[in-house]
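Enquirer: File input.cif follows (mmCIF, C-alpha atoms):
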```
data_target
loop_
_atom_site.label_atom_id
_atom_site.label_comp_id
_atom_site.auth_asym_id
_atom_site.auth_seq_id
_atom_site.Cartn_x
_atom_site.Cartn_y
_atom_site.Cartn_z
CA MET A 1 18.52 11.28 -72.24
CA SER A 2 19.68 7.86 -71.28
CA ARG A 3 18.60 5.47 -68.64
CA ALA A 4 20.06 2.31 -67.18
CA GLN A 5 17.44 -0.31 -66.59
CA VAL A 6 18.43 -3.15 -64.33
CA VAL A 7 16.62 -6.38 -65.12
CA ARG A 8 15.44 -7.75 -61.81
CA PRO A 9 15.35 -11.48 -61.26
CA ALA A 10 11.94 -12.98 -61.72
CA GLY A 11 10.62 -14.53 -58.61
CA ALA A 12 7.65 -14.65 -56.39
CA GLY A 13 9.60 -12.96 -53.59
CA HIS A 14 8.48 -9.37 -53.89
CA GLU A 15 5.06 -10.33 -55.22
CA THR A 16 4.52 -12.49 -52.15
CA LEU A 17 5.59 -9.56 -50.01
CA TYR A 18 3.17 -7.22 -51.77
CA VAL A 19 0.31 -9.70 -51.45
CA LEU A 20 1.07 -10.16 -47.76
CA LEU A 21 1.23 -6.41 -47.23
CA VAL A 22 -2.06 -5.88 -49.04
CA SER A 23 -3.69 -8.70 -47.04
CA LEU A 24 -2.39 -7.17 -43.84
CA LEU A 25 -3.75 -3.78 -44.88
CA ILE A 26 -7.16 -5.30 -45.61
CA VAL A 27 -7.21 -7.08 -42.25
CA ILE A 28 -6.21 -3.90 -40.42
CA LEU A 29 -8.81 -1.86 -42.29
CA ALA A 30 -11.51 -4.41 -41.58
CA ALA A 31 -10.51 -4.64 -37.93
CA THR A 32 -10.56 -0.85 -37.62
CA VAL A 33 -14.00 -0.62 -39.18
CA VAL A 34 -15.31 -3.38 -36.94
CA MET A 35 -13.81 -1.73 -33.85
CA LEU A 36 -15.14 1.71 -34.69
CA ARG A 37 -18.55 0.78 -36.02
CA GLY A 38 -19.31 -2.62 -34.57
CA GLU A 39 -22.12 -2.93 -32.05
CA ARG A 40 -22.52 -5.78 -29.62
CA GLU A 41 -26.19 -6.44 -30.06
CA ASP A 42 -26.06 -9.77 -28.31
CA GLU A 43 -25.40 -8.26 -24.91
CA GLN A 44 -28.83 -7.03 -23.99
CA ALA A 45 -28.93 -7.33 -20.27
CA ILE A 46 -32.31 -7.91 -18.72
CA ALA A 47 -33.15 -6.41 -15.38
CA SER A 48 -33.25 -8.57 -12.27
CA HIS A 49 -37.04 -8.37 -12.06
CA GLN A 50 -37.39 -9.58 -15.63
CA ILE A 51 -37.39 -13.11 -16.98
CA ASP A 52 -36.36 -14.09 -20.48
CA ALA A 53 -39.25 -15.57 -22.44
CA ARG A 54 -36.98 -17.65 -24.59
CA ARG A 55 -34.56 -19.16 -22.09
CA ASP A 56 -35.98 -19.00 -18.63
CA LEU A 57 -39.56 -20.20 -19.03
CA THR A 58 -40.66 -23.81 -18.72
CA ALA A 59 -42.26 -25.44 -21.74
CA ALA A 60 -45.77 -24.94 -20.34
CA GLU A 61 -45.03 -21.30 -19.50
CA GLN A 62 -43.72 -20.69 -22.99
CA GLY A 63 -46.90 -22.12 -24.45
CA LEU A 64 -49.06 -20.03 -22.15
CA TYR A 65 -47.06 -16.90 -22.87
CA THR A 66 -47.41 -17.41 -26.62
CA ASP A 67 -51.15 -18.06 -26.27
CA LEU A 68 -51.53 -14.96 -24.13
CA ARG A 69 -49.92 -12.80 -26.77
CA VAL A 70 -52.23 -14.21 -29.43
CA ALA A 71 -55.23 -13.81 -27.14
CA PHE A 72 -54.13 -10.25 -26.39
CA ASP A 73 -54.62 -9.29 -30.06
CA GLU A 74 -58.14 -10.77 -29.93
CA ILE A 75 -58.85 -8.94 -26.70
CA GLN A 76 -57.77 -5.66 -28.24
CA LEU A 77 -60.06 -6.26 -31.24
CA LEU A 78 -62.99 -7.11 -28.97
CA ARG A 79 -62.27 -4.00 -26.92
CA GLU A 80 -62.44 -1.89 -30.07
CA GLU A 81 -65.73 -3.49 -31.14
CA THR A 82 -67.58 -3.49 -27.85
CA ALA A 83 -65.77 -0.70 -26.04
CA ALA A 84 -65.54 -2.98 -23.04
CA VAL A 85 -63.06 -5.48 -21.78
CA PRO A 86 -64.27 -9.00 -22.60
CA SER A 87 -64.91 -11.23 -19.65
CA VAL A 88 -62.96 -14.38 -19.01
CA GLN A 89 -66.09 -16.38 -19.73
CA ALA A 90 -66.58 -14.65 -23.07
CA LEU A 91 -62.99 -15.44 -24.02
CA ALA A 92 -63.40 -19.05 -22.97
CA ASP A 93 -66.58 -19.26 -25.06
CA GLU A 94 -64.66 -18.01 -28.03
CA GLY A 95 -62.35 -21.02 -27.49
CA LEU A 96 -59.31 -18.81 -26.99
CA PRO A 97 -56.46 -20.47 -25.20
CA PRO A 98 -55.33 -20.12 -22.46
CA PHE A 99 -58.76 -19.03 -21.19
CA VAL A 100 -60.65 -22.07 -22.45
CA VAL A 101 -60.59 -25.05 -20.15
CA ASP A 102 -59.58 -28.18 -21.99
CA ALA A 103 -57.04 -30.98 -21.86
CA GLY A 104 -54.33 -28.58 -22.96
CA SER A 105 -54.96 -26.10 -20.22
CA GLN A 106 -55.05 -28.89 -17.64
CA SER A 107 -51.68 -30.24 -18.69
CA ARG A 108 -50.21 -26.74 -18.48
CA GLY A 109 -51.12 -26.04 -14.86
CA SER A 110 -54.93 -25.69 -14.87
CA HIS A 111 -54.83 -21.95 -14.57
CA GLN A 112 -57.91 -20.30 -13.16
CA TRP A 113 -58.41 -17.07 -15.01
CA SER A 114 -60.12 -14.04 -13.54
CA TRP A 115 -60.50 -10.38 -14.49
CA LEU A 116 -59.06 -7.89 -12.05
CA GLU A 117 -60.81 -4.53 -11.96
CA THR A 118 -57.41 -2.85 -11.82
CA GLY A 119 -57.03 -3.81 -15.50
CA ALA A 120 -55.48 -7.24 -15.83
CA TYR A 121 -56.25 -10.91 -16.39
CA LEU A 122 -54.85 -13.11 -13.65
CA GLY A 123 -54.30 -16.84 -14.18
CA ARG A 124 -53.72 -18.66 -10.92
CA SER A 125 -51.72 -21.80 -11.42
CA GLN A 126 -52.87 -24.98 -9.75
CA ALA A 127 -49.54 -26.66 -10.41
CA PRO A 128 -46.72 -24.13 -9.85
CA GLN A 129 -44.07 -26.74 -10.62
CA VAL A 130 -45.47 -27.03 -14.18
CA ALA A 131 -46.15 -23.35 -14.77
CA GLY A 132 -46.26 -20.30 -12.56
CA SER A 133 -49.17 -17.91 -12.23
CA LEU A 134 -49.53 -15.40 -15.02
CA LEU A 135 -50.75 -11.84 -15.14
CA LEU A 136 -51.71 -10.13 -18.40
CA ILE A 137 -51.89 -6.38 -17.86
CA LEU A 138 -53.92 -4.57 -20.50
CA PRO A 139 -52.73 -1.16 -21.60
CA GLY A 140 -54.97 1.84 -21.09
CA ASP A 141 -55.93 2.16 -24.76
CA SER A 142 -56.27 -0.36 -27.56
CA SER A 143 -52.92 0.47 -29.18
CA GLY A 144 -50.55 -0.47 -26.34
CA GLN A 145 -48.48 -3.55 -25.88
CA ALA A 146 -49.24 -6.61 -23.80
CA ASP A 147 -47.45 -6.80 -20.48
CA VAL A 148 -47.12 -10.30 -19.03
CA TRP A 149 -45.86 -11.06 -15.54
CA LEU A 150 -45.04 -14.39 -13.95
CA ARG A 151 -44.95 -15.61 -10.39
CA ARG A 152 -43.87 -19.11 -9.56
CA ASP A 153 -44.55 -19.53 -5.86
CA SER A 154 -47.79 -21.28 -4.89
CA ALA A 155 -49.12 -18.40 -2.76
CA ALA A 156 -50.29 -16.46 -5.75
CA VAL A 157 -52.26 -13.73 -4.13
CA THR A 158 -54.18 -11.26 -6.17
CA PRO A 159 -52.07 -8.17 -6.71
CA ASP A 160 -53.77 -5.00 -5.54
CA ASP A 161 -51.53 -2.60 -7.33
CA LEU A 162 -50.44 -3.14 -10.92
CA GLY A 163 -47.58 -0.68 -10.69
CA HIS A 164 -44.18 -2.16 -11.51
CA ALA A 165 -42.72 -1.42 -8.10
CA ALA A 166 -45.58 -3.06 -6.27
CA LEU A 167 -45.49 -6.14 -8.52
CA ILE A 168 -41.75 -6.51 -8.09
CA ALA A 169 -42.11 -6.17 -4.36
CA ALA A 170 -44.78 -8.86 -4.39
CA GLY A 171 -42.43 -11.26 -6.19
CA TRP A 172 -43.71 -10.98 -9.77
CA GLN A 173 -41.33 -11.15 -12.71
CA GLN A 174 -41.92 -9.41 -16.03
CA VAL A 175 -41.68 -11.74 -19.04
CA VAL A 176 -39.63 -10.08 -21.78
CA SER A 177 -38.29 -11.30 -25.07
CA HIS A 178 -35.38 -9.98 -27.11
CA TYR A 179 -34.58 -10.65 -30.67
CA ASP A 180 -30.78 -10.78 -30.57
CA ALA A 181 -27.88 -12.85 -31.84
CA GLY A 182 -28.71 -15.52 -29.27
CA VAL A 183 -31.76 -16.44 -31.35
CA THR A 184 -29.53 -18.11 -33.89
CA ARG A 185 -26.47 -18.77 -31.75
CA GLU A 186 -26.09 -21.26 -28.95
CA HIS A 187 -25.49 -19.13 -25.93
CA ARG A 188 -25.52 -20.66 -22.47
CA HIS A 189 -25.80 -18.52 -19.39
CA MET B 1 30.58 -3.15 -86.05
CA THR B 2 30.31 -0.58 -88.76
CA ALA B 3 29.32 2.51 -86.91
CA ALA B 4 29.72 4.64 -90.03
CA ALA B 5 26.81 2.82 -91.62
CA HIS B 6 24.43 4.25 -89.09
CA LEU B 7 22.43 7.20 -90.24
CA ASP B 8 22.55 8.64 -86.75
CA ALA B 9 23.37 7.54 -83.21
CA PRO B 10 22.04 4.09 -82.33
CA SER B 11 18.56 4.15 -80.85
CA GLY B 12 18.95 0.72 -79.34
CA PRO B 13 20.30 0.01 -75.87
CA ARG B 14 23.64 -1.32 -74.78
CA ILE B 15 23.22 -4.52 -72.82
CA GLU B 16 25.58 -5.46 -70.05
CA PHE B 17 25.63 -8.98 -68.68
CA ALA B 18 27.82 -9.04 -65.57
CA GLY B 19 28.34 -12.31 -63.76
CA ILE B 20 24.95 -13.80 -64.52
CA ASP B 21 24.29 -17.07 -62.70
CA LEU B 22 21.15 -19.07 -63.23
CA THR B 23 20.25 -22.21 -61.35
CA LEU B 24 16.89 -23.89 -61.83
CA GLY B 25 16.28 -26.63 -59.32
CA ARG B 26 19.71 -28.21 -59.03
CA THR B 27 20.71 -27.60 -62.61
CA ARG B 28 23.21 -24.85 -63.26
CA ILE B 29 22.15 -23.35 -66.51
CA LEU B 30 24.33 -20.25 -66.66
CA GLU B 31 27.59 -19.72 -64.88
CA GLN B 32 29.25 -16.32 -64.58
CA VAL B 33 28.07 -15.12 -67.95
CA SER B 34 29.62 -11.73 -68.66
CA PHE B 35 29.64 -9.92 -71.98
CA ASN B 36 28.40 -6.74 -73.56
CA VAL B 37 26.07 -6.16 -76.46
CA ALA B 38 27.01 -2.86 -78.10
CA ALA B 39 24.26 -0.39 -78.82
CA GLY B 40 22.87 -0.69 -82.33
CA SER B 41 24.80 -3.86 -83.14
CA VAL B 42 23.68 -7.24 -84.38
CA HIS B 43 24.89 -9.64 -81.76
CA ALA B 44 24.62 -13.36 -82.33
CA ILE B 45 24.66 -16.06 -79.68
CA VAL B 46 25.71 -19.54 -80.74
CA GLY B 47 26.07 -22.71 -78.78
CA PRO B 48 24.92 -26.28 -78.40
CA ASN B 49 21.42 -27.31 -77.45
CA GLY B 50 20.90 -26.98 -73.73
CA GLY B 51 23.71 -24.47 -73.55
CA GLY B 52 21.51 -21.85 -71.95
CA LYS B 53 20.87 -19.58 -74.95
CA SER B 54 17.11 -19.43 -74.56
CA SER B 55 17.49 -19.15 -70.79
CA LEU B 56 19.78 -16.18 -71.27
CA ILE B 57 17.10 -14.50 -73.38
CA LYS B 58 14.42 -15.25 -70.82
CA THR B 59 16.74 -13.76 -68.20
CA LEU B 60 17.07 -10.64 -70.33
CA LEU B 61 13.26 -10.45 -70.55
CA GLY B 62 13.04 -10.64 -66.76
CA GLN B 63 11.51 -14.09 -66.57
CA MET B 64 14.25 -15.97 -64.75
CA PRO B 65 15.42 -15.89 -61.13
CA HIS B 66 18.99 -15.06 -62.03
CA GLN B 67 21.82 -13.73 -59.94
CA GLY B 68 24.22 -11.08 -61.09
CA GLN B 69 23.78 -7.73 -62.71
CA LEU B 70 21.95 -7.37 -66.00
CA THR B 71 21.63 -3.78 -67.17
CA LEU B 72 20.10 -2.22 -70.23
CA HIS B 73 21.47 1.23 -71.03
CA TRP B 74 18.78 2.97 -73.02
CA PRO B 75 19.94 5.98 -75.03
CA SER B 76 16.50 7.59 -75.38
CA ALA B 77 13.06 7.61 -73.88
CA LEU B 78 11.90 4.99 -76.36
CA GLU B 79 12.23 1.65 -74.62
CA VAL B 80 10.52 -1.00 -76.69
CA ILE B 81 11.71 -4.59 -76.74
CA GLY B 82 10.53 -6.81 -79.56
CA TYR B 83 10.66 -10.55 -79.02
CA VAL B 84 10.36 -13.26 -81.63
CA PRO B 85 10.08 -16.70 -80.03
CA GLN B 86 11.48 -19.86 -81.51
CA ALA B 87 8.07 -21.35 -82.15
CA LEU B 88 4.48 -20.78 -81.25
CA GLU B 89 2.62 -23.53 -79.49
CA PHE B 90 -1.07 -23.62 -80.26
CA ASP B 91 -3.71 -25.99 -81.53
CA ARG B 92 -3.55 -26.27 -85.29
CA GLY B 93 -7.34 -26.33 -85.47
CA LEU B 94 -7.71 -23.03 -83.67
CA PRO B 95 -9.81 -20.74 -85.90
CA MET B 96 -7.38 -17.84 -85.54
CA THR B 97 -6.41 -15.94 -88.66
CA VAL B 98 -3.16 -14.05 -89.13
CA ASP B 99 -5.10 -10.83 -88.54
CA ASP B 100 -6.57 -12.21 -85.31
CA PHE B 101 -3.11 -13.15 -84.12
CA MET B 102 -1.67 -9.74 -84.94
CA ALA B 103 -4.63 -8.06 -83.24
CA ALA B 104 -4.18 -10.18 -80.13
CA MET B 105 -0.49 -9.31 -79.98
CA CYS B 106 -0.59 -5.63 -80.89
CA GLN B 107 -3.75 -4.04 -79.56
CA ARG B 108 -5.64 -3.82 -76.31
CA ARG B 109 -9.01 -4.16 -78.02
CA PRO B 110 -10.26 -7.76 -78.04
CA ALA B 111 -9.19 -9.47 -81.23
CA PHE B 112 -12.70 -10.69 -82.06
CA LEU B 113 -13.77 -7.06 -82.52
CA GLY B 114 -11.33 -6.78 -85.41
CA LEU B 115 -8.25 -4.68 -85.93
CA SER B 116 -8.09 -1.42 -84.07
CA ARG B 117 -7.91 1.57 -86.41
CA ARG B 118 -4.91 2.85 -84.51
CA VAL B 119 -2.65 -0.13 -85.11
CA GLN B 120 -4.08 -1.18 -88.48
CA PRO B 121 -1.49 0.78 -90.55
CA ALA B 122 1.36 -0.63 -88.47
CA ILE B 123 0.04 -4.18 -88.86
CA ASP B 124 -0.40 -3.68 -92.60
CA ALA B 125 3.16 -2.38 -92.89
CA ALA B 126 4.62 -5.19 -90.78
CA LEU B 127 2.80 -7.90 -92.74
CA ALA B 128 3.93 -6.25 -95.95
CA ARG B 129 7.54 -6.23 -94.76
CA VAL B 130 7.49 -9.98 -94.15
CA GLY B 131 5.48 -10.62 -97.32
CA MET B 132 2.41 -12.03 -95.60
CA LEU B 133 -0.07 -9.31 -96.60
CA ASP B 134 -1.93 -11.53 -99.07
CA LYS B 135 -2.27 -14.35 -96.51
CA ARG B 136 -3.67 -12.29 -93.66
CA LYS B 137 -7.05 -13.99 -93.76
CA ARG B 138 -5.54 -17.48 -93.57
CA ARG B 139 -5.77 -19.55 -90.42
CA MET B 140 -2.56 -19.64 -88.40
CA GLY B 141 -2.85 -23.42 -88.27
CA ALA B 142 -2.99 -23.64 -92.06
CA LEU B 143 0.27 -21.75 -92.58
CA SER B 144 3.54 -23.50 -93.22
CA GLY B 145 6.22 -23.35 -90.56
CA GLY B 146 8.13 -20.70 -92.47
CA GLU B 147 5.07 -18.54 -92.99
CA ARG B 148 4.19 -18.81 -89.32
CA GLN B 149 7.72 -17.73 -88.44
CA ARG B 150 7.29 -14.68 -90.69
CA VAL B 151 4.10 -13.76 -88.84
CA LEU B 152 6.03 -14.04 -85.58
CA LEU B 153 8.66 -11.72 -87.04
CA ALA B 154 5.92 -9.29 -88.04
CA GLN B 155 4.49 -9.10 -84.52
CA GLY B 156 8.00 -8.35 -83.25
CA LEU B 157 7.97 -5.21 -85.42
CA ILE B 158 4.98 -3.60 -83.66
CA PRO B 159 5.48 -1.20 -82.04
CA GLU B 160 8.81 -0.39 -83.61
CA PRO B 161 11.39 -1.88 -81.20
CA GLN B 162 14.69 -0.42 -80.10
CA LEU B 163 15.86 -3.85 -78.98
CA LEU B 164 14.96 -7.01 -80.84
CA VAL B 165 15.41 -10.39 -79.25
CA LEU B 166 15.28 -13.21 -81.79
CA ASP B 167 15.28 -16.87 -80.74
CA GLU B 168 16.41 -18.87 -83.77
CA PRO B 169 14.30 -16.95 -86.27
CA MET B 170 15.81 -18.64 -89.30
CA SER B 171 15.41 -22.24 -88.26
CA ALA B 172 11.90 -22.51 -89.65
CA LEU B 173 12.19 -19.97 -92.43
CA ASP B 174 12.06 -20.96 -96.06
CA GLU B 175 14.39 -19.41 -98.61
CA ALA B 176 12.12 -16.45 -99.33
CA GLY B 177 11.70 -15.97 -95.62
CA ILE B 178 15.45 -15.89 -95.11
CA GLN B 179 15.70 -13.14 -97.69
CA VAL B 180 12.98 -11.22 -95.89
CA PHE B 181 14.83 -11.71 -92.63
CA GLU B 182 18.10 -10.47 -94.07
CA GLN B 183 16.38 -7.36 -95.38
CA LEU B 184 14.88 -6.78 -91.95
CA LEU B 185 18.26 -7.26 -90.31
CA HIS B 186 19.71 -4.71 -92.71
CA SER B 187 17.01 -2.18 -91.89
CA TRP B 188 17.49 -2.70 -88.16
CA ARG B 189 21.17 -2.08 -88.58
CA GLN B 190 20.35 1.08 -90.53
CA SER B 191 18.05 2.40 -87.84
CA GLY B 192 20.45 1.57 -85.03
CA THR B 193 18.28 -1.07 -83.43
CA THR B 194 20.12 -3.45 -81.13
CA VAL B 195 19.53 -7.06 -82.20
CA LEU B 196 20.27 -10.00 -79.95
CA TRP B 197 20.01 -13.07 -82.09
CA ILE B 198 20.28 -16.76 -81.27
CA GLU B 199 21.30 -18.69 -84.35
CA HIS B 200 22.37 -22.16 -85.34
CA ASP B 201 23.37 -21.29 -88.89
CA LEU B 202 27.02 -20.29 -88.41
CA GLN B 203 27.28 -19.28 -92.06
CA ALA B 204 24.54 -16.74 -91.52
CA VAL B 205 26.19 -15.52 -88.35
CA LEU B 206 29.49 -15.04 -90.14
CA ARG B 207 27.74 -13.07 -92.87
CA LEU B 208 25.28 -10.99 -90.88
CA ALA B 209 26.40 -10.52 -87.26
CA ASP B 210 28.65 -7.78 -85.88
CA ARG B 211 29.77 -9.86 -82.96
CA VAL B 212 29.20 -13.39 -81.77
CA THR B 213 29.19 -14.98 -78.35
CA GLY B 214 29.65 -18.70 -77.86
CA LEU B 215 27.57 -19.85 -74.95
CA SER B 216 27.61 -23.26 -73.37
CA ARG B 217 26.70 -22.65 -69.75
CA GLN B 218 29.53 -20.14 -69.68
CA VAL B 219 30.86 -17.72 -72.26
CA LEU B 220 33.43 -19.58 -74.34
CA PHE B 221 34.23 -16.75 -76.71
CA ASP B 222 33.00 -13.27 -77.48
CA ALA B 223 34.50 -11.69 -80.59
CA PRO B 224 33.68 -10.53 -84.11
CA PRO B 225 32.55 -13.53 -86.18
CA VAL B 226 35.61 -13.62 -88.41
CA GLN B 227 37.86 -14.12 -85.41
CA ALA B 228 35.46 -16.14 -83.33
CA LEU B 229 34.22 -18.74 -85.74
CA THR B 230 37.40 -20.73 -86.12
CA PRO B 231 37.28 -24.52 -86.30
CA GLU B 232 39.02 -25.03 -82.95
CA ARG B 233 36.67 -22.77 -81.09
CA LEU B 234 33.61 -24.27 -82.72
CA LEU B 235 34.81 -27.78 -81.97
CA SER B 236 35.25 -26.88 -78.34
CA LEU B 237 31.90 -25.07 -78.25
CA PHE B 238 29.94 -28.00 -79.60
CA SER B 239 31.97 -30.66 -77.83
CA VAL B 240 30.27 -32.79 -75.24
CA HIS B 241 32.71 -31.64 -72.56
CA PRO B 242 33.28 -28.06 -73.49
CA ARG B 243 33.89 -27.02 -69.89
CA SER B 244 37.06 -29.12 -69.69
CA GLU B 245 38.60 -27.04 -72.49
CA SER B 246 40.31 -23.83 -71.67
CA LEU B 247 38.47 -20.66 -72.52
CA ALA B 248 39.39 -19.45 -75.93
#
```
Show me, as structure tokens, the structure contained in the file I just sent.
Expert:
Amino acid sequence: MSRAQVVRPAGAGHETLYVLLVSLLIVILAATVVMLRGEREDEQAIASHQIDARRDLTAAEQGLYTDLRVAFDEIQLLREETAAVPSVQALADEGLPPFVVDAGSQSRGSHQWSWLETGAYLGRSQAPQVAGSLLLILPGDSSGQADVWLRRDSAAVTPDDLGHAALIAAGWQQVVSHYDAGVTREHRH
Amino acid sequence: MTAAAHLDAPSGPRIEFAGIDLTLGRTRILEQVSFNVAAGSVHAIVGPNGGGKSSLIKTLLGQMPHQGQLTLHWPSALEVIGYVPQALEFDRGLPMTVDDFMAAMCQRRPAFLGLSRRVQPAIDAALARVGMLDKRKRRMGALSGGERQRVLLAQGLIPEPQLLVLDEPMSALDEAGIQVFEQLLHSWRQSGTTVLWIEHDLQAVLRLADRVTGLSRQVLFDAPPVQALTPERLLSLFSVHPRSESLA
């Protein structure tokens, strides 16, 4: 058994080629995996009747929206304790923004809060250019989620029907928030 | 070459250098080097400093970007090349004993874990062959140049090579070491190992080599030592302008 072994010239030539091929393979593999399994989470379209809580609200509206969500938790607790929806006055006495009337509430549009028997708190804005009117619809039981609607025109009439279709028809917009890639990435619409 | 002296067919390879060119940067180091090393022979390479001898050996070991065809014709499945470098560069203060060095060269197990049981007999035998068995616990840095060269010879013996490449092994050897080396050369010849040997000592080449090649960028002669080592050829080989002389 004999074998002729040719001594190949040393050089980076074929090694470079192998490294390039392996890099190319890795890139192709990675690209394939990304194409097959990647999900575009940053493209959450919001419906035309909705308004994005993070981008499309004014500063005062954002503050009010945040306060409403905090107040909503309190309202749910009070509902569990007393088995009744707390009145606007009771909430104001507790010092809960945005129901309490103070310097803060005045600078954010001096909303006048009232309880609607159909199951919602309505805050009529006195300065629609600062912040629109807000509607906090309570869910039927104490475990649901808060539903906040916004209306920016000055003729903020009391909605009779709290159904989505009726609110949309009356010019209300639902305030929604998404946690998506835009939270950390600059993303102009 | 005395083929009759072989116990059986040579186990070492035949080496064929065919038109080897080597250029590093803009320096031409080897130019159309063509000669054969017969299987199982002791082949010496002589030449002036900077003549490309060490580069030729590095080319043979696949470490140079040469051009031309370099082929090793192995007669059997055993294809082990032993290499003994000219010198070993390391810090003299390095706390590395002869055993550590042999372990680092001959086994996969980390040297600090000691000698592997598998290669221990081979290392013992190799150190015994070069007469360094009683100095195996000495630091490499504390050895004399000749003793260090013997250790280098010993690592070239493990595993048993079919081709040995020696880069001036005798230059640092003391007299006892030279005797050891000659014994080793004799045993390699007996076992049919091919030996490619760079040497400055022309007396030793005349006495010990089967064939000698004079190399100074190109092959100036390639013949048995008795014919090759004539005064005229040696004068032309070691002349400053050897290329202007006609090839012998």
Enquirer: Pull out every residue of chain B sitting within 12 Å of chain A, counting only C-alpha atoms, and send them as a ChimeraX atom specification.
Expert: /B:10-18,20-24,56-79
Enquirer: Got a sec: who's within 9 Å of Val130 in chain B, counting all atoms listed in the file, leaving out chain neighbours fewer than 4 positions off, as a PyMOL selection string?
Expert: chain B and resi 125-126+147+150-151+153-154+177+180-181+184
Enquirer: Could you write out as a PyMOL selection string the residues that the PyMOL selection byres ((chain A and resi 113) around 12) matches in the shown file?
Expert: chain A and resi 68+87-92+97-101+105+109-112+114-116+120-126+133-136+158
Enquirer: Rounded to one decimal, what separation in Å do you get between CA of Asp93 in chain A and CA of Ala60 in chain A?
Expert: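 These atoms are spaced 22.1 Å apart.
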Enquirer: Care to translate the PyMOL selection byres ((chain B and resi 173) around 10) into actual residues of this file, as a list in words?
Expert: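 So the PyMOL selection byres ((chain B and resi 173) around 10) ends up selecting Ser144, Gly145, Gly146, Glu147, Arg148, Gln149, Arg150, Glu168, Pro169, Met170, Ser171, Ala172, Asp174, Glu175, Ala176, Gly177, Ile178, Gln179, Val180 and Phe181 of chain B.
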Enquirer: Can you list, as a PDB file with C-alpha atoms, in the coordinates of the input, the residues that the PyMOL selection byres ((chain B and resi 217) around 10) selects here?
Expert:
```pdb
ATOM      1  CA  ASP B  21      24.290 -17.070 -62.700  1.00  0.00           C
ATOM      2  CA  LEU B  22      21.150 -19.070 -63.230  1.00  0.00           C
ATOM      3  CA  ARG B  28      23.210 -24.850 -63.260  1.00  0.00           C
ATOM      4  CA  ILE B  29      22.150 -23.350 -66.510  1.00  0.00           C
ATOM      5  CA  LEU B  30      24.330 -20.250 -66.660  1.00  0.00           C
ATOM      6  CA  GLU B  31      27.590 -19.720 -64.880  1.00  0.00           C
ATOM      7  CA  GLN B  32      29.250 -16.320 -64.580  1.00  0.00           C
ATOM      8  CA  VAL B  33      28.070 -15.120 -67.950  1.00  0.00           C
ATOM      9  CA  GLY B  47      26.070 -22.710 -78.780  1.00  0.00           C
ATOM     10  CA  PRO B  48      24.920 -26.280 -78.400  1.00  0.00           C
ATOM     11  CA  GLY B  50      20.900 -26.980 -73.730  1.00  0.00           C
ATOM     12  CA  GLY B  51      23.710 -24.470 -73.550  1.00  0.00           C
ATOM     13  CA  GLY B  52      21.510 -21.850 -71.950  1.00  0.00           C
ATOM     14  CA  LYS B  53      20.870 -19.580 -74.950  1.00  0.00           C
ATOM     15  CA  SER B  55      17.490 -19.150 -70.790  1.00  0.00           C
ATOM     16  CA  LEU B  56      19.780 -16.180 -71.270  1.00  0.00           C
ATOM     17  CA  GLY B 214      29.650 -18.700 -77.860  1.00  0.00           C
ATOM     18  CA  LEU B 215      27.570 -19.850 -74.950  1.00  0.00           C
ATOM     19  CA  SER B 216      27.610 -23.260 -73.370  1.00  0.00           C
ATOM     20  CA  GLN B 218      29.530 -20.140 -69.680  1.00  0.00           C
ATOM     21  CA  VAL B 219      30.860 -17.720 -72.260  1.00  0.00           C
ATOM     22  CA  LEU B 220      33.430 -19.580 -74.340  1.00  0.00           C
ATOM     23  CA  PRO B 242      33.280 -28.060 -73.490  1.00  0.00           C
ATOM     24  CA  ARG B 243      33.890 -27.020 -69.890  1.00  0.00           C
TER      25      ARG B 243
END
```
Enquirer: For CA of Arg79 in chain A and CA of Asp161 in chain A, determine how far apart the two atoms are, in Å to one decimal place.
Expert: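 CA of Arg79 in chain A sits 22.4 Å away from CA of Asp161 in chain A.
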Enquirer: Calculate how many Å separate CA of Leu77 in chain A from CA of Asp141 in chain A, rounding to one decimal.
Expert: 11.4 Å
Enquirer: Pick out the closest residue to Gly132 in chain A from this set: A:Gln173, A:Thr32, A:Ser23, A:Thr82. Count all atoms listed in the file.
Expert: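 Of the candidates, the smallest distance to Gly132 in chain A is held by A:Gln173.
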Enquirer: What lies within 10 Å of Gln76 in chain A using only C-alpha atoms, ignoring chain neighbours under 5 positions off, as a ChimeraX atom specification?
Expert: /A:71,81,83-86,138-139,141-146
Enquirer: Excluding range 93-108 of chain B and residues on its chain fewer than 3 positions from it, collect all residues at most 9 Å away from it, counting all atoms listed in the file, and give them as a ChimeraX atom specification.
Expert: /B:90,111-112,114-116,118-120,123,132,135-142,148,151-152,154-155,158-159
Enquirer: Select, from A:Ser48, A:Leu96, A:Arg37, A:Ala165, the residue with the minimum atom-to-atom distance to Thr66 in chain A, counting only C-alpha atoms.
Expert: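 Using only C-alpha atoms, the shortest distance to Thr66 in chain A belongs to A:Leu96.
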Enquirer: Which residue out of A:Glu39, A:Glu80, A:Glu61, A:Asp52 has the minimum interatomic distance to Ser107 in chain A when all atoms listed in the file are used?
Expert: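 Among the listed residues, the smallest separation from Ser107 in chain A belongs to A:Glu61.
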Enquirer: Counting all atoms listed in the file, figure out which residue out of B:Pro224, B:Gly156, B:Gly131, B:Gly40 gets nearest to Val195 in chain B.
Expert: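 So, comparing all the options, the nearest one is B:Gly40.
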